[in-house]
file entry.pdb (PDB, C-alpha atoms)
ATOM      1  CA  MET M   1     -12.072  18.443 -23.444
ATOM      2  CA  LYS M   2     -15.481  17.036 -22.664
ATOM      3  CA  ILE M   3     -16.438  13.628 -21.380
ATOM      4  CA  ASN M   4     -18.010  11.513 -24.110
ATOM      5  CA  THR M   5     -18.512   8.209 -22.300
ATOM      6  CA  LEU M   6     -17.832   6.741 -18.862
ATOM      7  CA  GLU M   7     -18.076   2.982 -18.396
ATOM      8  CA  LEU M   8     -17.655   0.864 -15.290
ATOM      9  CA  TYR M   9     -16.455  -2.748 -15.243
ATOM     10  CA  GLN M  10     -16.370  -4.910 -12.122
ATOM     11  CA  TYR M  11     -13.762  -7.651 -11.629
ATOM     12  CA  GLN M  12     -12.847 -10.384  -9.173
ATOM     13  CA  LEU M  13      -9.434 -12.024  -9.514
ATOM     14  CA  PRO M  14      -8.394 -15.208  -7.686
ATOM     15  CA  LEU M  15      -4.884 -15.030  -6.226
ATOM     16  CA  ASP M  16      -2.259 -17.669  -6.957
ATOM     17  CA  LYS M  17      -1.747 -17.994  -3.197
ATOM     18  CA  CYS M  18      -3.171 -16.403  -0.085
ATOM     19  CA  LEU M  19      -1.623 -13.006   0.602
ATOM     20  CA  PRO M  20      -1.234 -11.278   3.979
ATOM     21  CA  VAL M  21      -3.281  -8.194   4.787
ATOM     22  CA  GLY M  22      -1.999  -7.386   8.257
ATOM     23  CA  LYS M  23      -2.428 -10.622  10.199
ATOM     24  CA  GLN M  24      -5.281 -11.696   7.930
ATOM     25  CA  ARG M  25      -5.124 -13.551   4.610
ATOM     26  CA  ILE M  26      -7.054 -13.056   1.364
ATOM     27  CA  ASP M  27      -7.388 -15.371  -1.649
ATOM     28  CA  SER M  28      -9.039 -12.990  -4.142
ATOM     29  CA  ARG M  29      -9.138  -9.303  -5.042
ATOM     30  CA  LYS M  30     -12.156  -7.283  -6.150
ATOM     31  CA  GLY M  31     -12.451  -3.872  -7.744
ATOM     32  CA  VAL M  32     -13.769  -1.851 -10.650
ATOM     33  CA  ILE M  33     -12.225  -0.401 -13.801
ATOM     34  CA  LEU M  34     -13.427   3.078 -14.767
ATOM     35  CA  SER M  35     -13.011   3.790 -18.484
ATOM     36  CA  LEU M  36     -13.251   7.367 -19.809
ATOM     37  CA  GLU M  37     -13.493   8.542 -23.408
ATOM     38  CA  VAL M  38     -13.101  12.207 -24.311
ATOM     39  CA  LEU M  39     -13.319  13.951 -27.657
ATOM     40  CA  GLY M  40     -10.562  16.447 -28.446
ATOM     41  CA  GLU M  41     -10.779  19.518 -30.660
ATOM     42  CA  ALA M  42     -10.433  17.386 -33.811
ATOM     43  CA  MET M  43     -13.177  15.078 -32.481
ATOM     44  CA  THR M  44     -10.528  12.386 -32.005
ATOM     45  CA  PRO M  45     -11.464   9.953 -29.223
ATOM     46  CA  HIS M  46      -9.011   9.475 -26.351
ATOM     47  CA  ILE M  47      -9.566   6.661 -23.840
ATOM     48  CA  GLU M  48      -7.986   6.208 -20.415
ATOM     49  CA  GLN M  49      -8.723   3.702 -17.653
ATOM     50  CA  VAL M  50      -8.097   3.508 -13.906
ATOM     51  CA  GLU M  51      -8.593   0.860 -11.263
ATOM     52  CA  ILE M  52     -10.553   1.613  -8.099
ATOM     53  CA  ALA M  53     -10.143  -1.156  -5.532
ATOM     54  CA  PRO M  54     -10.610  -0.386  -1.819
ATOM     55  CA  LEU M  55      -8.730  -2.865   0.364
ATOM     56  CA  SER M  56     -11.767  -4.092   2.244
ATOM     57  CA  GLY M  57     -14.183  -7.027   2.203
ATOM     58  CA  LEU M  58     -13.706 -10.441   3.829
ATOM     59  CA  ASP M  59     -10.637 -12.556   4.522
ATOM     60  CA  ILE M  60     -10.373 -16.294   3.882
ATOM     61  CA  GLU M  61     -12.134 -17.018   7.180
ATOM     62  CA  GLY M  62     -15.060 -14.736   6.373
ATOM     63  CA  ASN M  63     -13.992 -11.954   8.756
ATOM     64  CA  PRO M  64     -13.998  -8.270   7.723
ATOM     65  CA  ILE M  65     -10.557  -6.939   6.758
ATOM     66  CA  GLN M  66      -9.358  -4.635   9.524
ATOM     67  CA  ASP M  67      -7.269  -1.410   9.514
ATOM     68  CA  PHE M  68      -7.241  -0.748   5.771
ATOM     69  CA  SER M  69      -9.960   0.817   3.550
ATOM     70  CA  GLN M  70     -12.963   1.980   5.535
ATOM     71  CA  GLU M  71     -15.229   2.016   2.464
ATOM     72  CA  SER M  72     -16.613  -1.038   0.695
ATOM     73  CA  LEU M  73     -16.565  -1.757  -3.027
ATOM     74  CA  GLU M  74     -20.377  -1.694  -2.963
ATOM     75  CA  GLN M  75     -20.337   1.868  -1.635
ATOM     76  CA  ILE M  76     -17.994   2.894  -4.463
ATOM     77  CA  ILE M  77     -20.246   1.305  -7.096
ATOM     78  CA  ASP M  78     -23.367   2.929  -5.606
ATOM     79  CA  GLU M  79     -21.781   6.403  -5.648
ATOM     80  CA  LEU M  80     -20.476   5.987  -9.187
ATOM     81  CA  ALA M  81     -23.923   4.845 -10.373
ATOM     82  CA  ILE M  82     -25.245   8.249  -9.277
ATOM     83  CA  THR M  83     -22.231  10.338 -10.327
ATOM     84  CA  LEU M  84     -21.266   9.004 -13.755
ATOM     85  CA  PRO M  85     -24.447   9.922 -15.684
ATOM     86  CA  GLN M  86     -24.115  13.497 -14.432
ATOM     87  CA  LEU M  87     -20.641  13.828 -15.973
ATOM     88  CA  ILE M  88     -21.458  12.873 -19.566
ATOM     89  CA  GLY M  89     -20.965  15.844 -21.870
ATOM     90  CA  LYS M  90     -19.265  17.886 -19.138
ATOM     91  CA  PRO M  91     -15.639  19.176 -18.981
ATOM     92  CA  VAL M  92     -13.081  16.659 -17.694
ATOM     93  CA  ASP M  93     -12.145  19.056 -14.873
ATOM     94  CA  LEU M  94     -15.357  17.944 -13.146
ATOM     95  CA  LEU M  95     -13.482  14.731 -12.315
ATOM     96  CA  LEU M  96     -11.316  16.750  -9.922
ATOM     97  CA  GLU M  97     -14.367  18.373  -8.366
ATOM     98  CA  GLN M  98     -15.892  14.963  -7.747
ATOM     99  CA  SER M  99     -12.619  13.674  -6.268
ATOM    100  CA  GLU M 100     -12.754  16.530  -3.752
ATOM    101  CA  LYS M 101     -16.421  15.929  -2.907
ATOM    102  CA  THR M 102     -16.328  12.185  -2.252
ATOM    103  CA  GLN M 103     -15.693  10.864   1.247
ATOM    104  CA  TYR M 104     -14.137   7.657  -0.114
ATOM    105  CA  PRO M 105     -10.303   7.744  -0.499
ATOM    106  CA  SER M 106     -10.152   5.039  -3.183
ATOM    107  CA  LEU M 107     -12.658   6.911  -5.335
ATOM    108  CA  ALA M 108     -10.893  10.256  -4.774
ATOM    109  CA  PHE M 109      -7.609   8.684  -5.864
ATOM    110  CA  GLY M 110      -9.164   7.021  -8.926
ATOM    111  CA  LEU M 111     -10.958  10.141 -10.187
ATOM    112  CA  SER M 112      -7.942  12.420  -9.701
ATOM    113  CA  LEU M 113      -5.687   9.844 -11.366
ATOM    114  CA  LEU M 114      -8.087   9.566 -14.309
ATOM    115  CA  HIS M 115      -8.009  13.372 -14.678
ATOM    116  CA  ALA M 116      -4.201  13.338 -14.619
ATOM    117  CA  LYS M 117      -3.974  10.540 -17.204
ATOM    118  CA  ILE M 118      -6.430  12.122 -19.634
ATOM    119  CA  ASN M 119      -4.519  15.419 -19.426
ATOM    120  CA  GLY M 120      -1.160  13.744 -20.080
ATOM    121  CA  GLN M 121       0.264  14.639 -16.660
ATOM    122  CA  LEU M 122       1.821  11.199 -16.253
ATOM    123  CA  THR M 123       3.477  11.256 -19.675
ATOM    124  CA  GLY M 124       7.237  10.933 -19.359
ATOM    125  CA  HIS M 125       7.056   9.503 -15.863
ATOM    126  CA  HIS M 126       6.117   5.935 -16.757
ATOM    127  CA  ILE M 127       8.169   2.947 -15.620
ATOM    128  CA  SER M 128       7.344  -0.222 -17.532
ATOM    129  CA  LEU M 129       6.470  -3.265 -15.443
ATOM    130  CA  GLN M 130       9.393  -5.264 -16.857
ATOM    131  CA  HIS M 131      11.840  -2.572 -15.685
ATOM    132  CA  MET M 132      10.413  -2.237 -12.177
ATOM    133  CA  ARG M 133      12.506  -3.515  -9.296
ATOM    134  CA  SER M 134      10.208  -5.435  -6.997
ATOM    135  CA  LEU M 135      10.755  -5.769  -3.269
ATOM    136  CA  PRO M 136      10.316  -9.456  -2.391
ATOM    137  CA  LEU M 137       7.910 -10.129   0.481
ATOM    138  CA  ILE M 138       8.905 -12.924   2.850
ATOM    139  CA  TYR M 139       6.340 -14.353   5.240
ATOM    140  CA  ARG M 140       5.509 -17.763   6.590
ATOM    141  CA  ALA M 141       2.320 -19.129   5.095
ATOM    142  CA  GLN M 142      -0.119 -21.011   7.290
ATOM    143  CA  ASP M 143       1.152 -24.500   8.194
ATOM    144  CA  GLU M 144       4.230 -23.947   6.004
ATOM    145  CA  ALA M 145       7.447 -25.728   6.900
ATOM    146  CA  LEU M 146      10.382 -23.435   7.688
ATOM    147  CA  SER M 147      12.447 -25.281   5.093
ATOM    148  CA  VAL M 148      10.083 -24.017   2.370
ATOM    149  CA  LEU M 149      10.574 -20.425   3.502
ATOM    150  CA  HIS M 150      14.338 -20.981   3.610
ATOM    151  CA  ASP M 151      14.191 -22.205   0.009
ATOM    152  CA  ARG M 152      12.391 -18.974  -1.000
ATOM    153  CA  VAL M 153      15.208 -16.947   0.537
ATOM    154  CA  ARG M 154      17.845 -19.060  -1.216
ATOM    155  CA  SER M 155      16.040 -18.587  -4.531
ATOM    156  CA  LEU M 156      16.267 -14.793  -4.364
ATOM    157  CA  ALA M 157      18.276 -13.363  -7.251
ATOM    158  CA  SER M 158      21.820 -12.326  -6.400
ATOM    159  CA  GLU M 159      21.058  -8.712  -7.366
ATOM    160  CA  VAL M 160      18.308  -8.542  -4.704
ATOM    161  CA  HIS M 161      19.756  -6.882  -1.631
ATOM    162  CA  SER M 162      16.592  -5.727   0.157
ATOM    163  CA  ILE M 163      13.476  -7.640   1.195
ATOM    164  CA  LYS M 164      10.373  -7.050   3.278
ATOM    165  CA  VAL M 165       9.607  -9.503   6.095
ATOM    166  CA  LYS M 166       6.266  -9.816   7.871
ATOM    167  CA  VAL M 167       6.710 -10.061  11.650
ATOM    168  CA  ALA M 168       4.412 -10.097  14.697
ATOM    169  CA  GLN M 169       2.684 -13.094  13.128
ATOM    170  CA  THR M 170       3.776 -15.851  15.535
ATOM    171  CA  SER M 171       5.795 -16.001  18.770
ATOM    172  CA  LEU M 172       8.740 -13.684  19.503
ATOM    173  CA  GLU M 173      11.098 -16.636  19.754
ATOM    174  CA  GLU M 174      10.095 -18.030  16.348
ATOM    175  CA  GLU M 175      10.357 -14.659  14.629
ATOM    176  CA  ILE M 176      13.734 -13.746  16.143
ATOM    177  CA  LYS M 177      14.978 -17.137  14.960
ATOM    178  CA  LEU M 178      13.472 -16.528  11.512
ATOM    179  CA  ILE M 179      15.301 -13.196  11.061
ATOM    180  CA  HIS M 180      18.628 -14.749  12.041
ATOM    181  CA  GLU M 181      18.046 -17.699   9.692
ATOM    182  CA  ILE M 182      17.275 -15.351   6.772
ATOM    183  CA  LEU M 183      20.478 -13.416   7.415
ATOM    184  CA  ALA M 184      22.480 -16.620   7.802
ATOM    185  CA  ILE M 185      21.373 -17.632   4.299
ATOM    186  CA  ARG M 186      21.844 -14.152   2.811
ATOM    187  CA  PRO M 187      24.008 -11.972   5.091
ATOM    188  CA  ASP M 188      24.092  -9.234   2.434
ATOM    189  CA  LEU M 189      20.366  -8.515   2.764
ATOM    190  CA  LYS M 190      18.859  -5.396   4.305
ATOM    191  CA  LEU M 191      15.481  -6.083   5.884
ATOM    192  CA  LYS M 192      12.387  -3.925   5.977
ATOM    193  CA  LEU M 193      10.252  -5.418   8.743
ATOM    194  CA  ASP M 194       6.469  -4.997   8.852
ATOM    195  CA  ALA M 195       4.799  -5.559  12.213
ATOM    196  CA  ASN M 196       1.346  -4.188  11.302
ATOM    197  CA  ARG M 197       0.950  -2.866  14.882
ATOM    198  CA  GLY M 198       1.451  -6.381  16.186
ATOM    199  CA  PHE M 199       3.652  -5.747  19.246
ATOM    200  CA  THR M 200       3.175  -4.145  22.608
ATOM    201  CA  LEU M 201       5.921  -1.642  23.418
ATOM    202  CA  GLU M 202       7.671  -4.211  25.617
ATOM    203  CA  GLN M 203       7.448  -6.926  22.942
ATOM    204  CA  ALA M 204       8.737  -4.581  20.238
ATOM    205  CA  ILE M 205      11.760  -3.630  22.356
ATOM    206  CA  GLU M 206      12.485  -7.266  23.262
ATOM    207  CA  PHE M 207      12.176  -8.311  19.616
ATOM    208  CA  ALA M 208      14.410  -5.530  18.257
ATOM    209  CA  ALA M 209      17.025  -6.010  20.991
ATOM    210  CA  CYS M 210      17.691  -9.528  19.680
ATOM    211  CA  LEU M 211      18.329  -8.443  16.090
ATOM    212  CA  PRO M 212      21.460  -7.093  14.359
ATOM    213  CA  LEU M 213      20.471  -3.443  13.924
ATOM    214  CA  HIS M 214      22.872  -2.923  11.012
ATOM    215  CA  ALA M 215      20.790  -5.351   8.921
ATOM    216  CA  ILE M 216      17.425  -3.680   9.623
ATOM    217  CA  GLU M 217      16.492  -0.736   7.425
ATOM    218  CA  TYR M 218      13.333   0.025   9.430
ATOM    219  CA  ILE M 219      10.270  -1.596  10.986
ATOM    220  CA  GLU M 220       6.754  -0.566   9.924
ATOM    221  CA  GLU M 221       4.217   0.189  12.664
ATOM    222  CA  PRO M 222       6.036  -1.682  15.445
ATOM    223  CA  CYS M 223       3.568  -0.943  18.266
ATOM    224  CA  ILE M 224      -0.114  -1.658  18.829
ATOM    225  CA  ASN M 225      -0.362   1.898  20.128
ATOM    226  CA  PRO M 226       1.381   4.158  17.566
ATOM    227  CA  GLN M 227       2.057   6.685  20.324
ATOM    228  CA  ASP M 228       4.592   4.174  21.703
ATOM    229  CA  ASN M 229       6.746   4.255  18.541
ATOM    230  CA  THR M 230       8.967   7.085  19.781
ATOM    231  CA  ALA M 231       9.541   5.310  23.101
ATOM    232  CA  PHE M 232      10.462   2.185  21.124
ATOM    233  CA  TYR M 233      13.050   4.172  19.164
ATOM    234  CA  GLN M 234      14.454   5.856  22.250
ATOM    235  CA  ALA M 235      14.948   2.428  23.845
ATOM    236  CA  ILE M 236      16.471   0.579  20.896
ATOM    237  CA  GLU M 237      17.294   3.121  18.134
ATOM    238  CA  MET M 238      15.736   1.040  15.378
ATOM    239  CA  PRO M 239      14.218   3.353  12.711
ATOM    240  CA  TRP M 240      10.495   2.927  12.170
ATOM    241  CA  ALA M 241       7.918   3.753   9.508
ATOM    242  CA  LEU M 242       4.207   4.506   9.361
ATOM    243  CA  ASP M 243       1.689   2.593   7.258
ATOM    244  CA  GLU M 244      -1.724   1.914   8.832
ATOM    245  CA  SER M 245      -1.612   5.225  10.723
ATOM    246  CA  LEU M 246      -1.792   7.058   7.395
ATOM    247  CA  ASN M 247      -5.231   5.552   6.708
ATOM    248  CA  ASP M 248      -6.794   7.632   9.487
ATOM    249  CA  PRO M 249      -8.796  10.421   7.775
ATOM    250  CA  ASP M 250      -7.583  12.806  10.489
ATOM    251  CA  TYR M 251      -3.883  11.952  10.111
ATOM    252  CA  GLN M 252      -1.596  14.989   9.931
ATOM    253  CA  PHE M 253       2.118  14.621   9.344
ATOM    254  CA  GLU M 254       4.254  15.270  12.409
ATOM    255  CA  MET M 255       7.965  14.552  12.681
ATOM    256  CA  GLN M 256       8.840  12.167  15.529
ATOM    257  CA  ASP M 257      12.036  10.586  16.873
ATOM    258  CA  GLY M 258      13.038   7.629  14.730
ATOM    259  CA  LEU M 259      10.444   8.152  11.983
ATOM    260  CA  THR M 260      12.282   7.383   8.754
ATOM    261  CA  ALA M 261       9.602   6.591   6.148
ATOM    262  CA  LEU M 262       5.932   6.801   5.212
ATOM    263  CA  VAL M 263       4.746   3.673   3.402
ATOM    264  CA  VAL M 264       1.899   5.146   1.404
ATOM    265  CA  LYS M 265      -0.912   3.172  -0.244
ATOM    266  CA  PRO M 266      -2.566   5.776  -2.520
ATOM    267  CA  MET M 267      -5.769   3.724  -2.805
ATOM    268  CA  LEU M 268      -6.192   4.215   0.942
ATOM    269  CA  ILE M 269      -5.115   7.864   1.155
ATOM    270  CA  GLY M 270      -7.066   9.840  -1.454
ATOM    271  CA  SER M 271      -6.498  12.302  -4.272
ATOM    272  CA  LEU M 272      -3.204  13.084  -5.985
ATOM    273  CA  GLU M 273      -3.329  16.544  -4.419
ATOM    274  CA  LYS M 274      -3.535  15.034  -0.941
ATOM    275  CA  LEU M 275      -0.665  12.655  -1.761
ATOM    276  CA  GLN M 276       1.522  15.491  -3.065
ATOM    277  CA  LYS M 277       0.900  17.554   0.077
ATOM    278  CA  LEU M 278       1.868  14.615   2.298
ATOM    279  CA  GLN M 279       4.961  13.929   0.185
ATOM    280  CA  SER M 280       6.081  17.554   0.443
ATOM    281  CA  GLU M 281       5.674  17.604   4.229
ATOM    282  CA  ALA M 282       7.486  14.292   4.711
ATOM    283  CA  GLU M 283      10.427  14.994   2.438
ATOM    284  CA  HIS M 284      10.867  18.489   3.913
ATOM    285  CA  ALA M 285      11.438  16.713   7.252
ATOM    286  CA  GLY M 286      13.844  14.203   5.688
ATOM    287  CA  VAL M 287      11.334  11.331   5.818
ATOM    288  CA  ARG M 288      11.157   8.961   2.825
ATOM    289  CA  PHE M 289       7.866   8.818   0.930
ATOM    290  CA  ILE M 290       7.406   5.267  -0.388
ATOM    291  CA  LEU M 291       4.544   4.319  -2.711
ATOM    292  CA  SER M 292       3.140   0.911  -1.838
ATOM    293  CA  SER M 293       0.599  -1.380  -3.452
ATOM    294  CA  SER M 294      -2.802  -2.222  -2.012
ATOM    295  CA  LEU M 295      -2.649  -5.512  -3.942
ATOM    296  CA  GLU M 296      -4.064  -3.938  -7.082
ATOM    297  CA  SER M 297      -4.186  -5.635 -10.472
ATOM    298  CA  SER M 298      -1.562  -4.901 -13.144
ATOM    299  CA  LEU M 299      -3.466  -1.746 -14.206
ATOM    300  CA  GLY M 300      -3.228  -0.316 -10.685
ATOM    301  CA  ILE M 301       0.412  -1.354 -10.274
ATOM    302  CA  GLU M 302       1.264   0.313 -13.585
ATOM    303  CA  ALA M 303      -0.383   3.524 -12.366
ATOM    304  CA  LEU M 304       1.760   3.467  -9.200
ATOM    305  CA  ALA M 305       4.869   3.080 -11.354
TER     306      ALA M 305
END
call {"tool": "encode", "arguments": {"input": "entry.pdb", "output": "structure tokens"}}
result
Amino acid sequence: MKINTLELYQYQLPLDKCLPVGKQRIDSRKGVILSLEVLGEAMTPHIEQVEIAPLSGLDIEGNPIQDFSQESLEQIIDELAITLPQLIGKPVDLLLEQSEKTQYPSLAFGLSLLHAKINGQLTGHHISLQHMRSLPLIYRAQDEALSVLHDRVRSLASEVHSIKVKVAQTSLEEEIKLIHEILAIRPDLKLKLDANRGFTLEQAIEFAACLPLHAIEYIEEPCINPQDNTAFYQAIEMPWALDESLNDPDYQFEMQDGLTALVVKPMLIGSLEKLQKLQSEAEHAGVRFILSSSLESSLGIEALA
């Protein structure tokens, strides 16, 4: 199959409410949609689209988003402006070559995903959005009364038994109290905590020591210094997961005491080949490989499904 057309569309979507990106907040999401048309042997057109949306830019206070995508959307658009005209009329396998050449993870992921979609590699593995089981995210919005957060917990469907809770956002005392209040409302819940490297080793141990360990599935990136995560586990035996650490271009999987999951944002990691290699290494060591959103639009979420 040869590439007939490649078109690029830029979008900016306002969010219904501010969403947390680490300790920061964003109120809109930007990205591009790359649309590919190929002509098969019968000259029948086939069109596929992917979203490319690095998690970068500015937060609601005008500060650069930290610890997520290192490339900007403008850099992606500039590279595609040079690359796309060179691909017209060429075999679709050149998409994979370009995904290997680029230094930008979001672009590598998008190009390799587009190649997989146009070749039917995702056929049979699709989960429709209406059949997806979402993991509710609980966090306290700025200046929000605790009673409002309590109401969100009470409104969770009875079939929801696992939620994700942002921690390391306020004081230790407030957050320990928050966890106990959530469990008092719904004692059947299992909590996935996300600290976004918000605690010192001492704070992480103090925080975890005040929680019922049986109710905590794991905590993501508990320590400011990721090298302290094993010491945290040895002190408190709370399983932990990696998230931001995976965004380091030099990251190599290594099994460590207490590591139970990798929370993987493909838009921040790179090509499908790189993702599959990381998945194989993690699961061989008994570590869960969890696909996570980078706050993509519905097109990107559907691709993750």
call {"tool": "resolve_selection", "arguments": {"input": "entry.pdb", "expression": "the PyMOL selection byres ((chain M and resi 104) around 9)", "output": "CSV table (one decimal) with C-alpha atoms, in the coordinates of the input"}}
result
chain,number,residue,atom,x,y,z
M,54,PRO,CA,-10.6,-0.4,-1.8
M,69,SER,CA,-10.0,0.8,3.6
M,70,GLN,CA,-13.0,2.0,5.5
M,71,GLU,CA,-15.2,2.0,2.5
M,75,GLN,CA,-20.3,1.9,-1.6
M,76,ILE,CA,-18.0,2.9,-4.5
M,99,SER,CA,-12.6,13.7,-6.3
M,102,THR,CA,-16.3,12.2,-2.3
M,103,GLN,CA,-15.7,10.9,1.2
M,105,PRO,CA,-10.3,7.7,-0.5
M,106,SER,CA,-10.2,5.0,-3.2
M,107,LEU,CA,-12.7,6.9,-5.3
M,108,ALA,CA,-10.9,10.3,-4.8
M,109,PHE,CA,-7.6,8.7,-5.9
M,268,LEU,CA,-6.2,4.2,0.9
M,270,GLY,CA,-7.1,9.8,-1.5
call {"tool": "residues_around", "arguments": {"input": "entry.pdb", "residues": "segment 174-180 of chain M", "least_positions_apart": "3", "cutoff": "12 Å", "atoms": "all atoms listed in the file", "output": "mmCIF file with C-alpha atoms, in the frame of the given file"}}
result
data_model
loop_
_atom_site.group_PDB
_atom_site.id
_atom_site.type_symbol
_atom_site.label_atom_id
_atom_site.label_comp_id
_atom_site.auth_asym_id
_atom_site.auth_seq_id
_atom_site.Cartn_x
_atom_site.Cartn_y
_atom_site.Cartn_z
ATOM 1 C CA ILE M 138 8.905 -12.924 2.850
ATOM 2 C CA TYR M 139 6.340 -14.353 5.240
ATOM 3 C CA ARG M 140 5.509 -17.763 6.590
ATOM 4 C CA ALA M 145 7.447 -25.728 6.900
ATOM 5 C CA LEU M 146 10.382 -23.435 7.688
ATOM 6 C CA SER M 147 12.447 -25.281 5.093
ATOM 7 C CA LEU M 149 10.574 -20.425 3.502
ATOM 8 C CA HIS M 150 14.338 -20.981 3.610
ATOM 9 C CA VAL M 153 15.208 -16.947 0.537
ATOM 10 C CA ILE M 163 13.476 -7.640 1.195
ATOM 11 C CA LYS M 164 10.373 -7.050 3.278
ATOM 12 C CA VAL M 165 9.607 -9.503 6.095
ATOM 13 C CA LYS M 166 6.266 -9.816 7.871
ATOM 14 C CA VAL M 167 6.710 -10.061 11.650
ATOM 15 C CA ALA M 168 4.412 -10.097 14.697
ATOM 16 C CA GLN M 169 2.684 -13.094 13.128
ATOM 17 C CA THR M 170 3.776 -15.851 15.535
ATOM 18 C CA SER M 171 5.795 -16.001 18.770
ATOM 19 C CA LEU M 183 20.478 -13.416 7.415
ATOM 20 C CA ALA M 184 22.480 -16.620 7.802
ATOM 21 C CA ILE M 185 21.373 -17.632 4.299
ATOM 22 C CA ARG M 186 21.844 -14.152 2.811
ATOM 23 C CA PRO M 187 24.008 -11.972 5.091
ATOM 24 C CA LEU M 189 20.366 -8.515 2.764
ATOM 25 C CA LYS M 190 18.859 -5.396 4.305
ATOM 26 C CA LEU M 191 15.481 -6.083 5.884
ATOM 27 C CA LYS M 192 12.387 -3.925 5.977
ATOM 28 C CA LEU M 193 10.252 -5.418 8.743
ATOM 29 C CA ASP M 194 6.469 -4.997 8.852
ATOM 30 C CA ALA M 195 4.799 -5.559 12.213
ATOM 31 C CA GLN M 203 7.448 -6.926 22.942
ATOM 32 C CA ALA M 204 8.737 -4.581 20.238
ATOM 33 C CA GLU M 206 12.485 -7.266 23.262
ATOM 34 C CA PHE M 207 12.176 -8.311 19.616
ATOM 35 C CA ALA M 208 14.410 -5.530 18.257
ATOM 36 C CA ALA M 209 17.025 -6.010 20.991
ATOM 37 C CA CYS M 210 17.691 -9.528 19.680
ATOM 38 C CA LEU M 211 18.329 -8.443 16.090
ATOM 39 C CA PRO M 212 21.460 -7.093 14.359
ATOM 40 C CA LEU M 213 20.471 -3.443 13.924
ATOM 41 C CA ALA M 215 20.790 -5.351 8.921
ATOM 42 C CA ILE M 216 17.425 -3.680 9.623
#
call {"tool": "resolve_selection", "arguments": {"input": "entry.pdb", "expression": "the PyMOL selection byres ((chain M and resi 24-38) around 6)", "output": "ChimeraX atom specification"}}
result
/M:2-15,18-23,39,45-53,59-60
call {"tool": "resolve_selection", "arguments": {"input": "entry.pdb", "expression": "the PyMOL selection byres ((chain M and resi 275) around 12)", "output": "PyMOL selection string"}}
result
chain M and resi 105+108-109+112-113+246-247+252-253+262-274+276-282+289-291
call {"tool": "atom_distance", "arguments": {"input": "entry.pdb", "atom1": "atom CA of Ala303 of chain M", "atom2": "atom CA of Val92 of chain M"}}
result
19.0 Å
call {"tool": "atom_distance", "arguments": {"input": "entry.pdb", "atom1": "atom CA of Phe199 of chain M", "atom2": "atom CA of Glu221 of chain M"}}
result
8.9 Å
call {"tool": "atom_distance", "arguments": {"input": "entry.pdb", "atom1": "atom CA of Ser298 of chain M", "atom2": "atom CA of Asn119 of chain M"}}
result
21.5 Å
call {"tool": "residues_near_point", "arguments": {"input": "entry.pdb", "point": "(9.9, 19.1, 13.2)", "cutoff": "10 Å", "atoms": "all atoms listed in the file", "output": "ChimeraX atom specification"}}
result
/M:253-257,284-286
call {"tool": "residues_around", "arguments": {"input": "entry.pdb", "residues": "Val160 of chain M", "least_positions_apart": "5", "cutoff": "10 Å", "atoms": "only C-alpha atoms", "output": "VMD selection string"}}
result
chain M and resid 133 to 136 188 to 190
